[in-house]
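*Asks:* Here you go, one structure.
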Amino acid sequence: MIGKLNHVAIVVPDLAAGAAVYRDTLGADVSEPMDLPDHGVTTVFVNLPNTKIELLHPLGEGSTIAKFLANNPSGGMHHVCYEVEDIIAARDKLKADGMRVLGDGEPKIGAHGKPVLFLHPKDFCGTLVEIEEV
Ligand code: CO
């Protein structure tokens, strides 16, 4: 069902410092910071040959990742995102298998303008999983 790894998201306490590590030390192609107010994050995209890394920093009050950063002050891996062809079919299969889909179970438009859902970490080896229809 899942296809390519679309991205790995990493929450960072300092976006400029995180971007500098990937750009200057690791030599990656790194975007300028982009505010995504609908998602409560500012993000830097790190474009790798086979996938992306997204550096995330909380934006505004009540950002969903503010608590994560409070619990992980040095930052840390937040989620992995896998591509699916049909997000409704994927959701229905996951639910039929007893997996927990977060929120109201309806896909939301994600950071790339495509429908996404998040899946409960306890059902996926302790890792928050995002699925994105591509
Ligand atoms: Co994501």
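Residue names in the structure tokens use chain letters A, B, ... in the order shown, residue numbers from 1 in each chain, and ligand numbers from 1 in the order shown.
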Which residues sit within 10 Å of ligand 1, counting only C-alpha atoms and all ligand atoms, listed as a VMD selection string?
*Replies:* chain A and resid 6 to 10 52 to 56 78 to 82 110 to 112 116 to 118 128 to 132
*Asks:* With C-alpha atoms kept, could you save the residues just selected as a PDB file, in the first residue's frame?
*Replies:*
```pdb
ATOM      1  CA  ASN A   6       8.048  11.395   0.968  1.00  0.00           C
ATOM      2  CA  HIS A   7       9.798  13.034   3.913  1.00  0.00           C
ATOM      3  CA  VAL A   8      11.107  12.721   7.428  1.00  0.00           C
ATOM      4  CA  ALA A   9      10.126  15.604   9.707  1.00  0.00           C
ATOM      5  CA  ILE A  10      12.480  16.784  12.426  1.00  0.00           C
ATOM      6  CA  LYS A  52      13.168  15.252   1.748  1.00  0.00           C
ATOM      7  CA  ILE A  53      13.873  16.224   5.300  1.00  0.00           C
ATOM      8  CA  GLU A  54      11.563  18.833   6.775  1.00  0.00           C
ATOM      9  CA  LEU A  55      12.876  20.886   9.647  1.00  0.00           C
ATOM     10  CA  LEU A  56       9.924  22.126  11.693  1.00  0.00           C
ATOM     11  CA  HIS A  78       8.751  13.905  14.679  1.00  0.00           C
ATOM     12  CA  HIS A  79       7.216  11.804  11.899  1.00  0.00           C
ATOM     13  CA  VAL A  80       7.802   9.939   8.683  1.00  0.00           C
ATOM     14  CA  CYS A  81       5.583  10.468   5.641  1.00  0.00           C
ATOM     15  CA  TYR A  82       4.793   7.706   3.170  1.00  0.00           C
ATOM     16  CA  GLY A 110      -0.919  19.036   4.225  1.00  0.00           C
ATOM     17  CA  ALA A 111       2.187  21.160   3.896  1.00  0.00           C
ATOM     18  CA  HIS A 112       2.526  20.263   0.196  1.00  0.00           C
ATOM     19  CA  VAL A 116      -2.755  13.821   4.410  1.00  0.00           C
ATOM     20  CA  LEU A 117      -3.668  11.770   7.475  1.00  0.00           C
ATOM     21  CA  PHE A 118      -1.709  10.965  10.604  1.00  0.00           C
ATOM     22  CA  LEU A 128       4.073   8.998  14.151  1.00  0.00           C
ATOM     23  CA  VAL A 129       3.234   8.192  10.536  1.00  0.00           C
ATOM     24  CA  GLU A 130       1.804  10.603   7.968  1.00  0.00           C
ATOM     25  CA  ILE A 131       0.349   9.298   4.749  1.00  0.00           C
ATOM     26  CA  GLU A 132       0.063  11.620   1.778  1.00  0.00           C
TER      27      GLU A 132
END
```
*Asks:* For each of A:Val12, A:Met1, A:Ala28, A:Ala17, take the minimum atom-to-atom distance to Val41 of chain A, counting only C-alpha atoms, then give the residue where this is smallest.
*Replies:*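 That would be A:Val12, the residue with the smallest distance to Val41 of chain A.
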*Asks:* Out of chain A, which residues get strand (DSSP E) from DSSP, as JSON, numbers by chain?
*Replies:* {"A": [5, 6, 7, 8, 9, 10, 11, 29, 30, 34, 35, 36, 41, 42, 43, 44, 45, 46, 47, 52, 53, 54, 55, 56, 57, 58, 76, 77, 78, 79, 80, 81, 82, 83, 84, 108, 109, 115, 116, 117, 118, 119, 129, 130, 131, 132, 133]}
*Asks:* Could you pull the residues within 10 Å of segment 58-63 of chain A, counting only C-alpha atoms, minus those fewer than 3 positions along the same chain, as a PDB file with N, CA and C atoms, in the first residue's frame?
*Replies:*
```pdb
ATOM      1  N   VAL A  11      11.763  18.109  14.310  1.00  0.00           N
ATOM      2  CA  VAL A  11      11.495  19.353  15.033  1.00  0.00           C
ATOM      3  C   VAL A  11      12.810  19.883  15.581  1.00  0.00           C
ATOM      4  N   VAL A  12      13.043  21.173  15.365  1.00  0.00           N
ATOM      5  CA  VAL A  12      14.301  21.783  15.804  1.00  0.00           C
ATOM      6  C   VAL A  12      14.003  23.008  16.674  1.00  0.00           C
ATOM      7  N   PRO A  13      14.834  23.232  17.687  1.00  0.00           N
ATOM      8  CA  PRO A  13      14.638  24.409  18.539  1.00  0.00           C
ATOM      9  C   PRO A  13      15.092  25.697  17.864  1.00  0.00           C
ATOM     10  N   LEU A  15      15.710  27.046  13.954  1.00  0.00           N
ATOM     11  CA  LEU A  15      15.580  26.704  12.544  1.00  0.00           C
ATOM     12  C   LEU A  15      16.827  27.098  11.751  1.00  0.00           C
ATOM     13  N   ASP A  35       6.765  29.995   6.352  1.00  0.00           N
ATOM     14  CA  ASP A  35       5.730  29.946   7.383  1.00  0.00           C
ATOM     15  C   ASP A  35       4.495  29.247   6.824  1.00  0.00           C
ATOM     16  N   LEU A  36       3.990  28.283   7.574  1.00  0.00           N
ATOM     17  CA  LEU A  36       2.748  27.602   7.205  1.00  0.00           C
ATOM     18  C   LEU A  36       1.766  27.805   8.356  1.00  0.00           C
ATOM     19  N   PRO A  37       1.108  28.975   8.387  1.00  0.00           N
ATOM     20  CA  PRO A  37       0.265  29.309   9.556  1.00  0.00           C
ATOM     21  C   PRO A  37      -0.849  28.294   9.799  1.00  0.00           C
ATOM     22  N   ASP A  38      -1.386  27.720   8.720  1.00  0.00           N
ATOM     23  CA  ASP A  38      -2.469  26.741   8.891  1.00  0.00           C
ATOM     24  C   ASP A  38      -1.993  25.512   9.663  1.00  0.00           C
ATOM     25  N   HIS A  39      -0.688  25.256   9.613  1.00  0.00           N
ATOM     26  CA  HIS A  39      -0.146  24.066  10.264  1.00  0.00           C
ATOM     27  C   HIS A  39       0.601  24.405  11.541  1.00  0.00           C
ATOM     28  N   GLY A  40       0.697  25.700  11.853  1.00  0.00           N
ATOM     29  CA  GLY A  40       1.379  26.102  13.084  1.00  0.00           C
ATOM     30  C   GLY A  40       2.860  25.809  13.068  1.00  0.00           C
ATOM     31  N   VAL A  41       3.467  25.855  11.884  1.00  0.00           N
ATOM     32  CA  VAL A  41       4.902  25.572  11.795  1.00  0.00           C
ATOM     33  C   VAL A  41       5.569  26.530  10.812  1.00  0.00           C
ATOM     34  N   THR A  42       6.854  26.744  11.081  1.00  0.00           N
ATOM     35  CA  THR A  42       7.744  27.277  10.052  1.00  0.00           C
ATOM     36  C   THR A  42       8.620  26.113   9.634  1.00  0.00           C
ATOM     37  N   THR A  43       8.828  25.961   8.344  1.00  0.00           N
ATOM     38  CA  THR A  43       9.531  24.777   7.875  1.00  0.00           C
ATOM     39  C   THR A  43      10.661  25.163   6.925  1.00  0.00           C
ATOM     40  N   ALA A  66       4.660  22.438  19.592  1.00  0.00           N
ATOM     41  CA  ALA A  66       5.255  23.135  20.745  1.00  0.00           C
ATOM     42  C   ALA A  66       5.471  22.165  21.909  1.00  0.00           C
ATOM     43  N   LYS A  67       4.504  21.284  22.126  1.00  0.00           N
ATOM     44  CA  LYS A  67       4.622  20.330  23.230  1.00  0.00           C
ATOM     45  C   LYS A  67       5.753  19.337  22.965  1.00  0.00           C
ATOM     46  N   PHE A  68       5.873  18.924  21.709  1.00  0.00           N
ATOM     47  CA  PHE A  68       6.961  18.017  21.340  1.00  0.00           C
ATOM     48  C   PHE A  68       8.305  18.654  21.673  1.00  0.00           C
ATOM     49  N   LEU A  69       8.450  19.930  21.341  1.00  0.00           N
ATOM     50  CA  LEU A  69       9.714  20.620  21.596  1.00  0.00           C
ATOM     51  C   LEU A  69       9.940  20.801  23.102  1.00  0.00           C
TER      52      LEU A  69
END
```
